[in-house]
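S.K.: There's a structure below that I have some questions on.
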Number of protein chains: 2
Amino acid sequence: MNIGAVSEATGLPAKTIRYYESIGLVEPAERSTGNYRLYGERDILTLRFIERARRLGFSLKEVKELMALWHDRQRASADVRRLAESQMRRIDERLTKLTEMRRTLQHLIEQCHGDRRPDCPILDELAHERIE
Amino acid sequence: MNIGAVSEATGLPAKTIRYYESIGLVEPAERSTGNYRLYGERDILTLRFIERARRLGFSLKEVKELMALWHDRQRASADVRRLAESQMRRIDERLTKLTEMRRTLQHLIEQCHGDRRPDCPILDELAHERIE
DNA sequence: GCAGACCTGCCAGTATACTGTAAGGTTTGC
DNA sequence: GCAAACCTTACAGTATACTGGCAGGTCTGC
């Protein structure tokens, strides 16, 4: 399989696949006589693994760790769980922050009549620090 | 006031204040004979405005728009509200995505016993696409 | 008059994960 | 045999918002 077919199969742009190789996230692919990268089923599985982990918000660094654990038959599931929990905490932190931002914004928007008149509590609050 | 005092008063690093000036977000400050930037009360208010808008997640580009509206006595509050609502939508999108990620992760973590045994549903799911 | 804090400009680097582009070689199908 | 599609490397650029570091000038207090 050429990189185009793999791109198709995994949903990852060819460029991204090469990038993953360049940073050592995946092993360098075999090459054809014309120097094209050649892939097999296992490579597809690996790239799909990466794609799914990325969708769950793991950084490339963590994806690398997850892959190491994946390939380590001696791994403790606790190690994997630890990574997942750490990712979960980061998500929770972001959720907390976003929720708080949303709450304040919602509050401000409700106060603003939003018509042609110039007076606007949103600007007032930004200007005078009375944000709730 | 020198930039250090302003930094103190606003909570923004001096470097950041200079940066804001360099990108035209704030007017160039007056200068002392020794070429130091000089600030007054109004500058503090402006920088605080920026800092609060940033805390609400507005991009610098939007902060610039908000400031233009702030200074425009002819503004319609609807314009301000529109900016706030657009920011709110972005926050909601991120919240939706994060919540979904969290749900999947939570589900995976619950399945994983997290001990010394190597078998781990988290890796299994990443490897075989059965993510819920 | 001098140490130490504070300031200056400027360029480059940080973080993260790609993405674009140019110039050129390879393969495939008709 | 030739065009179109596909592939190659390498370098630079994108996005966002700063942050670091350097060499050197300025201000303050004793």
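Each chain in the structure tokens gets a letter, A, B and so on, in the order shown; residues start at 1 in every chain, and ligands are counted from 1 in the order they appear.
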Might you pull out every residue within 12 Å of Thr104 in chain B, with only C-alpha atoms (C1' of nucleotides) counted and same-chain residues fewer than 6 positions away left off, and present them as a PDB file with N, CA and C atoms, in the first residue's frame?

M.R.:
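As written to disk, around01.pdb reads:
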ATOM      1  N   ARG A  52      -7.215   7.502  17.085  1.00  0.00           N
ATOM      2  CA  ARG A  52      -8.237   7.429  18.146  1.00  0.00           C
ATOM      3  C   ARG A  52      -7.758   8.078  19.442  1.00  0.00           C
ATOM      4  N   ALA A  53      -6.489   7.828  19.746  1.00  0.00           N
ATOM      5  CA  ALA A  53      -5.951   8.431  20.965  1.00  0.00           C
ATOM      6  C   ALA A  53      -5.952   9.949  20.840  1.00  0.00           C
ATOM      7  N   ARG A  55      -8.032  11.688  19.113  1.00  0.00           N
ATOM      8  CA  ARG A  55      -9.425  12.149  19.244  1.00  0.00           C
ATOM      9  C   ARG A  55      -9.845  12.241  20.702  1.00  0.00           C
ATOM     10  N   LEU A  56      -9.216  11.416  21.529  1.00  0.00           N
ATOM     11  CA  LEU A  56      -9.530  11.477  22.959  1.00  0.00           C
ATOM     12  C   LEU A  56      -8.718  12.573  23.649  1.00  0.00           C
ATOM     13  N   GLY A  57      -7.938  13.290  22.880  1.00  0.00           N
ATOM     14  CA  GLY A  57      -7.242  14.445  23.428  1.00  0.00           C
ATOM     15  C   GLY A  57      -5.850  14.161  23.955  1.00  0.00           C
ATOM     16  N   ALA A  84      -4.662   7.649  31.294  1.00  0.00           N
ATOM     17  CA  ALA A  84      -6.038   8.047  30.956  1.00  0.00           C
ATOM     18  C   ALA A  84      -6.597   8.978  32.022  1.00  0.00           C
ATOM     19  N   GLU A  85      -6.272   8.685  33.262  1.00  0.00           N
ATOM     20  CA  GLU A  85      -6.793   9.522  34.345  1.00  0.00           C
ATOM     21  C   GLU A  85      -6.168  10.911  34.318  1.00  0.00           C
ATOM     22  N   GLN A  87      -5.150  12.419  31.660  1.00  0.00           N
ATOM     23  CA  GLN A  87      -5.799  13.113  30.545  1.00  0.00           C
ATOM     24  C   GLN A  87      -7.190  13.595  30.972  1.00  0.00           C
ATOM     25  N   MET A  88      -7.853  12.759  31.730  1.00  0.00           N
ATOM     26  CA  MET A  88      -9.187  13.112  32.221  1.00  0.00           C
ATOM     27  C   MET A  88      -9.121  14.334  33.131  1.00  0.00           C
ATOM     28  N   ILE A  91      -8.817  17.361  31.056  1.00  0.00           N
ATOM     29  CA  ILE A  91     -10.109  17.692  30.448  1.00  0.00           C
ATOM     30  C   ILE A  91     -11.003  18.363  31.482  1.00  0.00           C
TER      31      ILE A  91
ATOM     32  N   LYS B  97     -17.379  19.220  22.801  1.00  0.00           N
ATOM     33  CA  LYS B  97     -16.316  18.301  22.399  1.00  0.00           C
ATOM     34  C   LYS B  97     -15.625  17.699  23.633  1.00  0.00           C
ATOM     35  N   LEU B  98     -15.325  18.564  24.580  1.00  0.00           N
ATOM     36  CA  LEU B  98     -14.639  18.089  25.781  1.00  0.00           C
ATOM     37  C   LEU B  98     -15.518  17.124  26.574  1.00  0.00           C
ATOM     38  N   GLU B 110     -13.336   3.220  33.566  1.00  0.00           N
ATOM     39  CA  GLU B 110     -14.145   2.345  34.425  1.00  0.00           C
ATOM     40  C   GLU B 110     -13.946   0.874  34.100  1.00  0.00           C
ATOM     41  N   GLN B 111     -13.710   0.598  32.806  1.00  0.00           N
ATOM     42  CA  GLN B 111     -13.544  -0.793  32.385  1.00  0.00           C
ATOM     43  C   GLN B 111     -12.188  -1.366  32.781  1.00  0.00           C
ATOM     44  N   ILE B 122      -8.643  -0.179  27.801  1.00  0.00           N
ATOM     45  CA  ILE B 122      -8.352   1.112  27.178  1.00  0.00           C
ATOM     46  C   ILE B 122      -7.532   0.894  25.912  1.00  0.00           C
ATOM     47  N   GLU B 125      -9.537  -0.943  23.175  1.00  0.00           N
ATOM     48  CA  GLU B 125     -10.467  -0.112  22.419  1.00  0.00           C
ATOM     49  C   GLU B 125      -9.722   0.807  21.460  1.00  0.00           C
ATOM     50  N   LEU B 126      -8.617   1.347  21.920  1.00  0.00           N
ATOM     51  CA  LEU B 126      -7.824   2.184  21.016  1.00  0.00           C
ATOM     52  C   LEU B 126      -7.345   1.364  19.825  1.00  0.00           C
ATOM     53  N   ARG B 130     -13.681  -0.029  19.088  1.00  0.00           N
ATOM     54  CA  ARG B 130     -15.008  -0.355  19.561  1.00  0.00           C
ATOM     55  C   ARG B 130     -15.385   0.738  20.559  1.00  0.00           C
ATOM     56  N   ILE B 131     -14.781   1.895  20.353  1.00  0.00           N
ATOM     57  CA  ILE B 131     -15.049   2.970  21.284  1.00  0.00           C
ATOM     58  C   ILE B 131     -16.501   3.365  21.202  1.00  0.00           C
ATOM     59  N   GLU B 132     -17.200   2.834  22.078  1.00  0.00           N
ATOM     60  CA  GLU B 132     -18.608   3.146  22.316  1.00  0.00           C
ATOM     61  C   GLU B 132     -19.391   3.665  21.146  1.00  0.00           C
TER      62      GLU B 132
END

S.K.: Which residues of chain B are close to chain A, meaning at most 7 Å apart when you count only C-alpha atoms, and how do they look as a ChimeraX atom specification?

M.R.: /B:45,49,52-53,56,70,73-78,81,84,88,91,95,98,101-102,105,109,112,114-120,123,126-127

S.K.: Could you write those residues out with C-alpha atoms, as a PDB file, in the first residue's frame?

M.R.:
ATOM      1  CA  LEU B  45      -8.172  51.094  32.665  1.00  0.00           C
ATOM      2  CA  PHE B  49     -10.272  46.001  30.040  1.00  0.00           C
ATOM      3  CA  ARG B  52     -10.715  40.920  31.584  1.00  0.00           C
ATOM      4  CA  ALA B  53     -11.773  40.329  28.019  1.00  0.00           C
ATOM      5  CA  LEU B  56     -13.421  35.636  29.153  1.00  0.00           C
ATOM      6  CA  TRP B  70     -16.007  50.691  23.807  1.00  0.00           C
ATOM      7  CA  ARG B  73     -20.158  56.461  21.550  1.00  0.00           C
ATOM      8  CA  GLN B  74     -22.410  55.704  18.585  1.00  0.00           C
ATOM      9  CA  ARG B  75     -22.142  51.961  19.009  1.00  0.00           C
ATOM     10  CA  ALA B  76     -25.173  49.723  19.118  1.00  0.00           C
ATOM     11  CA  SER B  77     -25.207  47.421  22.105  1.00  0.00           C
ATOM     12  CA  ALA B  78     -26.331  44.733  19.660  1.00  0.00           C
ATOM     13  CA  ARG B  81     -23.764  41.421  22.260  1.00  0.00           C
ATOM     14  CA  ALA B  84     -20.219  38.042  23.163  1.00  0.00           C
ATOM     15  CA  MET B  88     -20.225  31.967  23.788  1.00  0.00           C
ATOM     16  CA  ILE B  91     -17.129  28.073  24.218  1.00  0.00           C
ATOM     17  CA  LEU B  95     -17.585  22.264  25.932  1.00  0.00           C
ATOM     18  CA  LEU B  98     -14.639  18.089  25.781  1.00  0.00           C
ATOM     19  CA  MET B 101     -14.151  13.154  25.185  1.00  0.00           C
ATOM     20  CA  ARG B 102     -14.643  12.994  28.899  1.00  0.00           C
ATOM     21  CA  LEU B 105     -12.536   8.387  28.618  1.00  0.00           C
ATOM     22  CA  ILE B 109     -11.280   4.078  32.683  1.00  0.00           C
ATOM     23  CA  CYS B 112      -9.866  -0.945  33.260  1.00  0.00           C
ATOM     24  CA  GLY B 114      -5.829  -0.742  36.773  1.00  0.00           C
ATOM     25  CA  ASP B 115      -3.602  -3.224  38.518  1.00  0.00           C
ATOM     26  CA  ARG B 116      -0.490  -5.195  37.624  1.00  0.00           C
ATOM     27  CA  ARG B 117      -2.224  -7.351  35.056  1.00  0.00           C
ATOM     28  CA  PRO B 118      -1.448  -6.381  31.475  1.00  0.00           C
ATOM     29  CA  ASP B 119      -4.889  -6.723  29.954  1.00  0.00           C
ATOM     30  CA  CYS B 120      -6.454  -3.340  29.522  1.00  0.00           C
ATOM     31  CA  LEU B 123      -5.646  -0.191  24.880  1.00  0.00           C
ATOM     32  CA  LEU B 126      -7.824   2.184  21.016  1.00  0.00           C
ATOM     33  CA  ALA B 127      -6.516  -0.738  19.022  1.00  0.00           C
TER      34      ALA B 127
END

S.K.: Give one line per residue of chain D that approaches chain A to at most 8 Å, naming the two atoms of the closest pair and their distance in Å to one decimal, counting only C-alpha atoms (C1' of nucleotides); sort by chain then ascending residue number and deliver it as JSON lines.

M.R.:
{"residue": "D:DC6", "atom": "C1'", "partner": "A:Gly4", "partner_atom": "CA", "distance": 7.8}
{"residue": "D:DC7", "atom": "C1'", "partner": "A:Tyr36", "partner_atom": "CA", "distance": 6.2}
{"residue": "D:DT8", "atom": "C1'", "partner": "A:Tyr36", "partner_atom": "CA", "distance": 7.4}

S.K.: Of the candidates C:DA15, C:DA23, C:DT28, C:DG9, which one gets nearest to chain B if we count only C-alpha atoms (C1' of nucleotides)?

M.R.: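 The shortest atom-to-atom distance to chain B comes from C:DG9.
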
S.K.: Can you write out as a tab-separated table which residues of chain C fall within 8 Å of chain B, alongside each residue's closest atom pair and its distance in Å to one decimal, counting only C-alpha atoms (C1' of nucleotides) and ordering rows by chain and ascending residue number?

M.R.:
residue	atom	partner	partner_atom	distance
C:DC6	C1'	B:Gly4	CA	7.8
C:DC7	C1'	B:Tyr36	CA	6.2
C:DT8	C1'	B:Asn35	CA	7.4

S.K.: Dump C-alpha atoms (C1' of nucleotides) for the selected residues as a PDB file, in the first residue's frame?

M.R.:
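Saved file out-v7.pdb follows:
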ATOM      1  C1'  DC C   6      14.515  49.087  35.847  1.00  0.00           C
ATOM      2  C1'  DC C   7      14.130  50.124  31.229  1.00  0.00           C
ATOM      3  C1'  DT C   8      15.248  49.936  25.951  1.00  0.00           C
TER       4       DT C   8
END

S.K.: CA of Asp43 in chain A and CA of Ile23 in chain A are how many Å apart?

M.R.: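 CA of Asp43 in chain A sits 16.0 Å away from CA of Ile23 in chain A.
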
S.K.: Would you pick out the contacts of DT14 in chain C at 9 Å or less, using only C-alpha atoms (C1' of nucleotides), so that residues sharing its chain but fewer than 5 positions from it are not included, and give the list as a list of chain:residue names?

M.R.: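 Here the answer would be D:DC18, D:DT19, D:DG20.
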
S.K.: Write down as a list in words the residues belonging to chain B that are assigned strand (DSSP E or B) by DSSP computed on the backbone.

M.R.: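 Selection result, strand (DSSP E or B) within chain B: Glu30, Arg31, Arg37 and Leu38 of chain B.
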
S.K.: Could you write out the selected residues, including N, CA and C atoms, as an mmCIF file, in the first residue's frame?

M.R.:
data_model
loop_
_atom_site.group_PDB
_atom_site.id
_atom_site.type_symbol
_atom_site.label_atom_id
_atom_site.label_comp_id
_atom_site.auth_asym_id
_atom_site.auth_seq_id
_atom_site.Cartn_x
_atom_site.Cartn_y
_atom_site.Cartn_z
ATOM 1 N N GLU B 30 3.427 57.379 25.987
ATOM 2 C CA GLU B 30 4.309 58.549 26.040
ATOM 3 C C GLU B 30 5.690 58.065 26.458
ATOM 4 N N ARG B 31 6.684 58.941 26.256
ATOM 5 C CA ARG B 31 8.034 58.550 26.670
ATOM 6 C C ARG B 31 8.662 59.608 27.580
ATOM 7 N N ARG B 37 8.720 54.228 28.836
ATOM 8 C CA ARG B 37 7.287 54.410 28.594
ATOM 9 C C ARG B 37 6.638 55.008 29.841
ATOM 10 N N LEU B 38 5.726 55.961 29.604
ATOM 11 C CA LEU B 38 5.008 56.596 30.709
ATOM 12 C C LEU B 38 3.514 56.345 30.583
#

S.K.: Quick one: pull the distance between C1' of DC27 in chain D and CA of Ile17 in chain B, Å, one decimal.

M.R.: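 Here the two named atoms are 20.7 Å from each other.
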
S.K.: For the helix (DSSP H, G or I) assignment from backbone DSSP, which residues of chain A qualify? Please present them as JSON, numbers by chain.

M.R.: {"A": [3, 4, 5, 6, 7, 8, 9, 10, 14, 15, 16, 17, 18, 19, 20, 21, 22, 41, 42, 43, 44, 45, 46, 47, 48, 49, 50, 51, 52, 53, 54, 55, 60, 61, 62, 63, 64, 65, 66, 67, 68, 69, 70, 71, 77, 78, 79, 80, 81, 82, 83, 84, 85, 86, 87, 88, 89, 90, 91, 92, 93, 94, 95, 96, 97, 98, 99, 100, 101, 102, 103, 104, 105, 106, 107, 108, 109, 110, 111, 121, 122, 123, 124, 125, 126, 127, 128]}
